[in-house]
There are 4 protein chains.
Amino acid sequence: MAPRPAPADKFSFGLWTVGWQARDPFGDATRPELDPVEAVHRLAELGAYGVTFHDDDLVPFGADATARDGHIARFRKALDETGLVTPMVTTNLFTHPIFKDGGFTSNDRQVRRYALRKVLRNVDLAAELGARTFVMWGGREGAEYDVAKDVQAALDRYREAVDLLCQYVVDRGYDLRFAIEPKPNEPRGDILLPTIGHALAFISTLEHPELVGLNPEVGHEQMAGLNYAHGIAQALWQGKLFHLDLNGQRGIKYDQDLVFGHGDLLNAFALVDLLEHGGPDGGLGYDGPRHFDYKPSRTEDIAGVWASAEANMRTYLLLKERAAAFRADPEVAEALAASRVAELATPTLNPGEGHAELLADRSAFEELDVEAVAARGYGFVRLNQLAVEHVLGAR
Amino acid sequence: MAPRPAPADKFSFGLWTVGWQARDPFGDATRPELDPVEAVHRLAELGAYGVTFHDDDLVPFGADATARDGHIARFRKALDETGLVTPMVTTNLFTHPIFKDGGFTSNDRQVRRYALRKVLRNVDLAAELGARTFVMWGGREGAEYDVAKDVQAALDRYREAVDLLCQYVVDRGYDLRFAIEPKPNEPRGDILLPTIGHALAFISTLEHPELVGLNPEVGHEQMAGLNYAHGIAQALWQGKLFHLDLNGQRGIKYDQDLVFGHGDLLNAFALVDLLEHGGPDGGLGYDGPRHFDYKPSRTEDIAGVWASAEANMRTYLLLKERAAAFRADPEVAEALAASRVAELATPTLNPGEGHAELLADRSAFEELDVEAVAARGYGFVRLNQLAVEHVLGAR
Amino acid sequence: MAPRPAPADKFSFGLWTVGWQARDPFGDATRPELDPVEAVHRLAELGAYGVTFHDDDLVPFGADATARDGHIARFRKALDETGLVTPMVTTNLFTHPIFKDGGFTSNDRQVRRYALRKVLRNVDLAAELGARTFVMWGGREGAEYDVAKDVQAALDRYREAVDLLCQYVVDRGYDLRFAIEPKPNEPRGDILLPTIGHALAFISTLEHPELVGLNPEVGHEQMAGLNYAHGIAQALWQGKLFHLDLNGQRGIKYDQDLVFGHGDLLNAFALVDLLEHGGPDGGLGYDGPRHFDYKPSRTEDIAGVWASAEANMRTYLLLKERAAAFRADPEVAEALAASRVAELATPTLNPGEGHAELLADRSAFEELDVEAVAARGYGFVRLNQLAVEHVLGAR
Amino acid sequence: MAPRPAPADKFSFGLWTVGWQARDPFGDATRPELDPVEAVHRLAELGAYGVTFHDDDLVPFGADATARDGHIARFRKALDETGLVTPMVTTNLFTHPIFKDGGFTSNDRQVRRYALRKVLRNVDLAAELGARTFVMWGGREGAEYDVAKDVQAALDRYREAVDLLCQYVVDRGYDLRFAIEPKPNEPRGDILLPTIGHALAFISTLEHPELVGLNPEVGHEQMAGLNYAHGIAQALWQGKLFHLDLNGQRGIKYDQDLVFGHGDLLNAFALVDLLEHGGPDGGLGYDGPRHFDYKPSRTEDIAGVWASAEANMRTYLLLKERAAAFRADPEVAEALAASRVAELATPTLNPGEGHAELLADRSAFEELDVEAVAARGYGFVRLNQLAVEHVLGAR
């Protein structure tokens with residue numbers, strides 16, 4: 001039986017997930033609005049520890065200050081009543097028509113200035129609510145037409161925007177970091193910073209790179225055919241896994257936002273193993289929120305919404321159990337050794353060795369029995385089969 | 001009529017391109033071996049200025065020193081006779097079975113040491129032949145199975161290898177830089193540093209980042225559904241476009257290596273425009289070799305090989321003409337202005353403006369007529385249609 | 001300069017194309033509603049000959065009979081004033097929440113019966129307006145979850161529905177045929193009858209296969225990585241190209257519905273060549289409407305809408321000119337001959353030959369010089385380069 | 001623990017699978033040749049019941065009659081010793097350079113005639129060995145360039161070839177049926193009959209459609225982003241699932257030929273459930289061979305080859321257990337009912353009902369409470385989560 005989620009598991013959900021009304025490009029809403037206060041209470045009952053939101057999820061776009069304060073006060077009260085936290089807040093620079101060519105990188109400078117102002121206000125709210133991570137998904141920063149966007153200028157403007165926001169956080173003394181969420185396409189034909197890699201590279205050019213990391217989403221990397229667990233490993237390796245979005249995707253197609261594990265189950269297993277064990281020899285890989293950014297399918301009523309929320313957490317916990325059993329299995333240990341997985345952690349060079357010493361080592365080249373080394377099998381298929389059988393609960 | 005290629009166009013080809021014997025996963029070779037010396041002569045006749053190679057293209061794997069010297073001497077003679085240069089040399093860490101789990105990141109440490117030695121020897125040859133760029137395509141650095149590769153350790157080893165090579169170049173005083181060639185998959189299920197972005201991010205962690213840049217290939221980015229011209233723009237923006245591989249690909253599938261322009265013709269136009277004009281307002285974007293890394297289709301005989309080599313250059317030159325005409329067209333200039341493409345080069349902030357000043361500017365937010373700004377059309381479709389009509393030679 | 005569209009070109013548009021308000025999964029509408037009457041007048045001015053619609057485009061879902069008649073009367077008046085025809089009508093079984101699990105194949109039998117009734121009413125309207133083709137895009141007929149849909153039962157129900165509709169048309173004596181529009185996914189995770197092939201196969205099982213053909217859409221096939229021109233050729237070959245939807249798509253991703261030619265330009269050229277010339281030796285391949293099913297990008301205002309409508313037709317006409325020039329070029333004729341393209345039209349067997357005679361022909365096997373035949377080059381790259389240069393207007 | 005494979009499970013393997021020497025587009029062979037006789041013995045020991053082959057796997061291309069007879073005799077002896085059967089034989093029209101533009105649809109008529117002769121000889125062998133299915137994968141029947149292939153003529157030739165082969169089987173009285181194996185691309189840019197659907201449609205045009213069915217491969221459909229279980233369901237529904245190829249594929253990329261279950265595990269579960277239970281209410285869906293067409297990864301030595309062969313069967317059997325438990329779980333039964341999965345098997349029309357009666361049923365349309373029906377949830381996510389938990393062995 002599946003273990004029950006508890007706050008110690010650090011599961012969090014976006015208000016926009018359970019609150020999605022199921023409007024899609026070809027169809028009208030199938031569910032009524034969900035009061036954020038009800039969402040907070042129900043998620044708490046299900047075992048979540050946190051809830052996140054876009055500014056516009058909580059306060060309708062364009063609401064005046066009084067209405068805004070009222071919405072925020074009700075939400076804080078719900079948090080207080082349930083003990084839920086708000087580990088992350090994010091911004092909506094994509095729904096309103098003013099952002100149709102992007103926020104930070106719109107060709108229209110008035111839009112860019114407006115976008116910065118909208119985000120600055122939201123950063124204040126994030127800090128006020130105690131969020132430690134501010135996610136920025138630049139879903140409209142992009143183009144359909146190559147001639148319509150000067151990509152180098154767009155990256156200049158993107159950097160200008162993030163630099164300004166970082167300076168703001170520094171000057172205000174907020175304990176808040178930014179996390180960029182890459183996506184390759186949809187709603188734009190091509191989105192800037194399309195993958196984990198492009199966003200990491202961009203961050204390396206910032207004035208305050210230490211304040212900016214990533215919020216990679218399962219489906220977004222998989223929409224480019226990339227291996228999500230590999231991407232997360234590179235983000236961890238560069239010290240940039242500030243937050244993450246868990247969900248499910250069935251290959252290269254439109255953004256599905258399925259329940260975690262309802263897509264590529266084997267890669268989900270590898271991910272949980274990585275997050276929980278940090279790699280073959282490691283300890284904890286990531287201790288932040290396990291945040292679900294999914295959509296309850298359009299076919300579901302409100303009961304289905306809550307069932308789907310619960311499903312995300314159950315699958316995560318089951319995969320965590322499977323990963324622990326995999327790591328504890330002596331046959332797996334033996335297979336990992338046969339595959340020399342841990343040998344990769346040994347530096348290629350000997351201690352103190354440089355190119356001169358390496359060139360002098362005839363055993364490395366001139367005297368190596370190349371054919372014998374080439375003939376060694378790696379035993380990867382057997383190792384993977386052990387993983388599959390653990391996923392299947394068959395060992 | 002298509003203009004004729006000339007050395008000033010800086011067209012170069014890999015020996016392995018025209019020399020490909022057309023062995024594929026399901027079929028035997030359809031063409032005989034091609035002598036590198038003949039390739040040099042024929043490419044020179046066709047108007048190329050440079051030729052490049054993998055060590056194993058020129059010198060069979062495992063050849064002894066005497067044989068090696070003979071192969072190199074014949075090749076140098078051909079260069080001298082034709083005036084062709086060798087702007088780039090690359091390494092083969094993928095064909096021999098010893099590299100079946102990679103070179104720099106094989107789980108097997110003996111393989112990693114052997115790979116480093118093989119590359120060091122090849123770096124010497126590159127320097128000796130006057131190459132300025134040393135390309136590294138890590139096509140076997142990757143995995144099919146998530147549990148079989150510790151990606152973080154692999155990135156440690158990758159970095160260790162590149163750091164060693166850079167130190168070697170520094171210590172020897174070679175005027176040579178490295179260029180990493182990303183690819184998402186094939187021949188491995190998932191390759192490390194799968195896109196331009198991941199490789200740029202990796203470079204930012206090196207000891208000598210100034211010595212390492214990119215060699216992005218059209219088809220490799222398009223195999224991940226990414227926009228090649230966008231990727232090149234980010235590489236340029238980060239100062240890392242050291243070299244590039246031009247070819248054609250028809251969408252997300254196996255690596256096709258078609259002739260340049262025989263894939264996504266509109267993106268090829270955008271690319272040539274970017275390389276030649278650097279963007280909407282710019283000058284030259286890139287002045288290195290226009291290097292073709294393509295495969296003459298398996299259906300072709302040797303006459304088809306040379307026809308295909310020529311086709312790459314003709315299409316490039318035709319697109320260059322189209323791009324020049326596009327930039328010179330007053331209606332295009334007017335459409336670019338209507339689309340506010342150049343406005344993106346204007347900083348979002350006023351000179352000297354920081355967050356305090358921006359927050360104080362009520363015209364940017366409180367008093368902005370949001371609906372009016374939102375209603376403005378960008379005219380992108382009209383602009384793109386002008387580009388399409390220029391590509392079609394219809395204006 | 002681009003030729004001007006005229007009614008003889010048989011260009012038609014869906015009301016929902018120019019009328020799209022640009023609401024997408026991540027954003028609100030950016031354009032106001034467009035009156036169908038205005039759309040008819042503007043399309044006529046631009047040179048279109050026809051206009052098409054979903055029932056709900058013309059008459060809001062759930063409108064009463066009086067309102068319905070009023071909408072239809074205004075529309076007919078606009079047709080009369082402009083001379084535009086309605087060659088095709090289609091049905092909307094996807095927008096309203098009742099169709100969230102499909103229309104003809106919803107698990108809910110009440111929905112299926114309702115869907116049939118909605119379509120029957122719409123078939124009457126189509127006949128009344130003189131449409132000759134009734135398109136059915138079953139965008140909601142599918143599933144996200146394999147266990148949630150009995151695909152064989154769903155195909156039974158799909159057949160039951162189409163059989164009933166055919167019987168209705170027969171019994172009423174309508175001069176109307178059905179055209180199924182395949183799509184692989186979006187809005188459902190997997191849609192039934194996902195490609196041209198699957199729909200052709202399904203049609204072969206119907207009671208009135210002669211009444212049912214296809215309406216293939218460029219982007220829908222390309223979303224599965226398939227070659228649209230190849231698919232159209234198979235549909236023609238099976239006598240089933242009843243109608244088609246032209247637009248643009250940039251590879252395997254969400255459904256983009258770009259302007260025709262703004263995606264894969266080379267395949268668009270091949271398509272126009274096929275439609276206009278029917279193949280290397282043929283005459284006209286298809287003489288029905290050239291119907292555009294695209295969306296003016298969300299960044300566009302109403303001026304951009306009309307510019308985009310015009311762009312579709314201009315690109316088609318330019319490609320038609322390019323295809324005619326390609327077919328007329330003596331060098332192309334020579335290259336086609338060298339590639340033995342027309343030789344494929346010669347039967348493999350001699351007249352009257354059966355397996356016995358073939359087995360007795362030693363020249364076909366025992367005495368064939370296999371290596372010599374294998375060595376012949378096909379010259380395909382040169383031929384394709386000629387096509388590329390014609391597309392570029394360079395010949 | 002995983003159950004042990006036995007002949008009753010009807011597992012079969014191609015000689016080319018365990019015998020693959022691991023030559024790929026970028027690398028040389030990593031394993032020595034495997035004697036077919038050894039393969040037969042080892043597969044028998046592992047629990048397989050059948051072995052299949054291409055003509056060229058057993059008899060090298062171009063071998064003379066004496067050599068051919070010797071190879072066949074040795075192979076038959078191994079079958080006799082082990083009790084293994086040969087349920088299927090297939091043909092190789094792709095490896096030799098003569099087939100570089102295809103076999104049945106090469107532009108070169110001499111090649112087409114040669115291909116027919118090669119296949120006729122192989123059909124005799126298949127019949128002689130008691131095979132009941134003759135598979136034809138037309139991997140080279142296709143094109144890279146749209147202008148280089150007249151697709152309609154190619155389909156004519158394809159049909160001509162298959163019609164001839166069927167006539168041959170009829171005339172000889174062989175108890176043998178043909179099974180076409182679709183694939184979208186690789187090694188050709190676009191392959192004819194790219195999916196299950198296209199091949200089914202083609203079959204409907206044949207002279208002997210009853211003799212021709214399909215051999216769909218997991219990875220081939222998934223390379224087009226299509227749902228393999230859906231495709232198999234349509235093939236079953238049309239009575240055309242004559243044989244199938246099981247393996248694993250991780251999304252849209254090059255053909256990976258991984259072990260069954262090492263790709264999309266959830267779809268593999270759905271497939272096994274379909275084959276074993278025929279759908280939600282059904283009995284056995286398919287009782288032919290469970291044939292594995294996979295490649296032991298290039299990293300493996302011969303021990304890894306046999307481990308990978310075993311892995312295919314173990315995963316199948318484990319999924320069969322999971323599917324049986326899923327079907328037996330009362331909570332699943334309840335969830336299936338809540339999702340109205342079985343309701344789809346009830347005809348939409350009442351017994352004897354036609355369009356007139358349906359139009360007269362006001363409860364179906366005029367009096368239906370559309371909003372109430374629309375509001376019903378389908379509970380699909382909960383149902384899928386039950387499937388996921390069964391796959392995980394957690395229930």
# chains A, B, ... in the order shown; residues from 1 in each chain; ligands from 1
$ closest_atom_pairs --of "chain A" --to "chain B" --cutoff "7 Å" --atoms "only C-alpha atoms" --output "tab-separated table"
residue	atom	partner	partner_atom	distance
A:Pro97	CA	B:Ala374	CA	5.2
A:Ile98	CA	B:Ala374	CA	3.8
A:Asn107	CA	B:Leu344	CA	4.9
A:Asp108	CA	B:Arg340	CA	6.6
A:Arg109	CA	B:Thr348	CA	6.0
A:Gln110	CA	B:Ala364	CA	6.9
A:Arg112	CA	B:Thr348	CA	6.3
A:Arg113	CA	B:Ala364	CA	5.9
A:Tyr114	CA	B:Ala364	CA	5.5
A:Arg117	CA	B:Phe365	CA	6.5
A:Tyr145	CA	B:Asn384	CA	6.2
A:Asp146	CA	B:Ala270	CA	6.1
A:Val147	CA	B:Asn384	CA	6.5
A:Ala148	CA	B:Phe380	CA	6.0
A:Lys149	CA	B:Val341	CA	6.1
A:Asp150	CA	B:Gly279	CA	6.0
A:Val151	CA	B:Ala233	CA	6.1
A:Gln152	CA	B:Trp237	CA	5.7
A:Ala153	CA	B:Ala345	CA	5.2
A:Ala154	CA	B:Leu344	CA	6.5
A:Arg157	CA	B:Pro347	CA	6.6
A:Leu164	CA	B:His355	CA	6.7
A:Tyr168	CA	B:His355	CA	6.5
A:Asp190	CA	B:Asn227	CA	6.8
A:Gly197	CA	B:His198	CA	3.6
A:His198	CA	B:Gly197	CA	3.6
A:Leu200	CA	B:Ala201	CA	5.3
A:Ala201	CA	B:Ala201	CA	4.0
A:Ser204	CA	B:Ser204	CA	6.6
A:Ala224	CA	B:Ala224	CA	5.1
A:Gly225	CA	B:Ala224	CA	6.0
A:Asn227	CA	B:Asp190	CA	6.8
A:His230	CA	B:Val151	CA	6.5
A:Ala233	CA	B:Gln152	CA	5.9
A:Gln234	CA	B:Gln152	CA	6.5
A:Trp237	CA	B:Gln152	CA	5.7
A:Ala270	CA	B:Asp146	CA	6.1
A:Gly279	CA	B:Asp150	CA	6.0
A:Pro280	CA	B:Asp150	CA	6.3
A:Arg340	CA	B:Asn107	CA	5.6
A:Val341	CA	B:Asn107	CA	5.8
A:Glu343	CA	B:Asn107	CA	5.9
A:Leu344	CA	B:Asn107	CA	4.9
A:Ala345	CA	B:Ala153	CA	5.2
A:Pro347	CA	B:Arg157	CA	6.6
A:Thr348	CA	B:Arg109	CA	6.0
A:His355	CA	B:Tyr168	CA	6.5
A:Leu359	CA	B:Arg117	CA	6.8
A:Ala364	CA	B:Tyr114	CA	5.5
A:Phe365	CA	B:Tyr114	CA	5.5
A:Val370	CA	B:Ile98	CA	6.8
A:Val373	CA	B:Ile98	CA	6.3
A:Ala374	CA	B:Ile98	CA	3.8
A:Phe380	CA	B:Ala148	CA	6.0
A:Asn384	CA	B:Tyr145	CA	6.2
$ select_by_dssp --residues "range 167-335 of chain A" --states "strand (DSSP E)" --output "mmCIF file with N, CA, C and O atoms, in the first residue's frame"
data_model
loop_
_atom_site.group_PDB
_atom_site.id
_atom_site.type_symbol
_atom_site.label_atom_id
_atom_site.label_comp_id
_atom_site.auth_asym_id
_atom_site.auth_seq_id
_atom_site.Cartn_x
_atom_site.Cartn_y
_atom_site.Cartn_z
ATOM 1 N N ARG A 177 15.622 34.160 -3.476
ATOM 2 C CA ARG A 177 16.421 33.909 -4.670
ATOM 3 C C ARG A 177 15.481 33.683 -5.852
ATOM 4 O O ARG A 177 14.339 33.260 -5.683
ATOM 5 N N PHE A 178 16.002 33.898 -7.035
ATOM 6 C CA PHE A 178 15.206 33.723 -8.242
ATOM 7 C C PHE A 178 15.478 32.357 -8.873
ATOM 8 O O PHE A 178 16.599 31.838 -8.788
ATOM 9 N N ALA A 179 14.459 31.814 -9.499
ATOM 10 C CA ALA A 179 14.620 30.535 -10.200
ATOM 11 C C ALA A 179 13.940 30.652 -11.556
ATOM 12 O O ALA A 179 12.731 30.903 -11.645
ATOM 13 N N ILE A 180 14.749 30.503 -12.606
ATOM 14 C CA ILE A 180 14.238 30.593 -13.974
ATOM 15 C C ILE A 180 13.707 29.224 -14.405
ATOM 16 O O ILE A 180 14.326 28.194 -14.143
ATOM 17 N N GLU A 181 12.553 29.236 -15.050
ATOM 18 C CA GLU A 181 11.935 27.984 -15.502
ATOM 19 C C GLU A 181 12.002 27.909 -17.015
ATOM 20 O O GLU A 181 11.302 28.635 -17.708
ATOM 21 N N ASP A 190 9.117 29.495 -30.448
ATOM 22 C CA ASP A 190 10.393 29.198 -29.794
ATOM 23 C C ASP A 190 10.516 30.144 -28.617
ATOM 24 O O ASP A 190 10.367 31.361 -28.780
ATOM 25 N N ILE A 191 10.785 29.578 -27.467
ATOM 26 C CA ILE A 191 10.927 30.407 -26.267
ATOM 27 C C ILE A 191 12.418 30.609 -26.006
ATOM 28 O O ILE A 191 13.225 29.708 -26.234
ATOM 29 N N VAL A 212 20.533 33.558 -8.576
ATOM 30 C CA VAL A 212 19.642 33.039 -9.618
ATOM 31 C C VAL A 212 19.956 31.577 -9.926
ATOM 32 O O VAL A 212 21.129 31.233 -10.151
ATOM 33 N N GLY A 213 18.945 30.780 -9.873
ATOM 34 C CA GLY A 213 19.082 29.367 -10.194
ATOM 35 C C GLY A 213 17.944 28.934 -11.094
ATOM 36 O O GLY A 213 17.394 29.741 -11.846
ATOM 37 N N LEU A 214 17.591 27.664 -10.999
ATOM 38 C CA LEU A 214 16.597 27.107 -11.916
ATOM 39 C C LEU A 214 15.400 26.519 -11.191
ATOM 40 O O LEU A 214 15.495 26.090 -10.033
ATOM 41 N N ASP A 245 9.713 21.565 -10.672
ATOM 42 C CA ASP A 245 8.297 21.346 -10.967
ATOM 43 C C ASP A 245 8.113 19.915 -11.437
ATOM 44 O O ASP A 245 8.596 19.532 -12.517
ATOM 45 N N LEU A 246 7.378 19.156 -10.657
ATOM 46 C CA LEU A 246 7.146 17.754 -10.991
ATOM 47 C C LEU A 246 5.814 17.587 -11.698
ATOM 48 O O LEU A 246 4.797 18.117 -11.256
ATOM 49 N N ARG A 290 9.146 19.496 -2.947
ATOM 50 C CA ARG A 290 8.752 18.630 -4.065
ATOM 51 C C ARG A 290 7.469 19.246 -4.595
ATOM 52 O O ARG A 290 6.374 18.967 -4.088
ATOM 53 N N HIS A 291 7.631 20.105 -5.568
ATOM 54 C CA HIS A 291 6.528 20.949 -6.023
ATOM 55 C C HIS A 291 5.872 20.375 -7.273
ATOM 56 O O HIS A 291 6.546 20.083 -8.249
ATOM 57 N N PHE A 292 4.559 20.223 -7.229
ATOM 58 C CA PHE A 292 3.822 19.676 -8.355
ATOM 59 C C PHE A 292 3.220 20.817 -9.180
ATOM 60 O O PHE A 292 2.485 21.649 -8.647
#
$ residues_around --residues "Cys166 in chain A" --least-positions-apart "4" --cutoff "8 Å" --atoms "only C-alpha atoms" --output "number ranges by chain"
A: 162, 170, 178, 208, 211
$ select_by_dssp --residues "range 248-360 of chain B" --states "alpha helix (DSSP H)" --output "VMD selection string"
chain B and resid 265 to 277 302 to 328 330 to 338 355 to 360
$ closest_residue --among "B:Leu241, B:Val37, B:Ala268, B:Val51" --to "Ile72 in chain B" --atoms "only C-alpha atoms"
B:Val37
$ atom_distance --atom1 "CA of Asp257 in chain B" --atom2 "CA of Tyr294 in chain B"
4.3 Å
$ residues_around --residues "Phe75 in chain D" --least-positions-apart "6" --cutoff "12 Å" --atoms "only C-alpha atoms" --output "PyMOL selection string"
chain D and resi 15+35-41+51-53+57-59+68-69+81-86+129
$ atom_distance --atom1 "CA of Met88 in chain D" --atom2 "CA of Leu244 in chain D"
10.5 Å
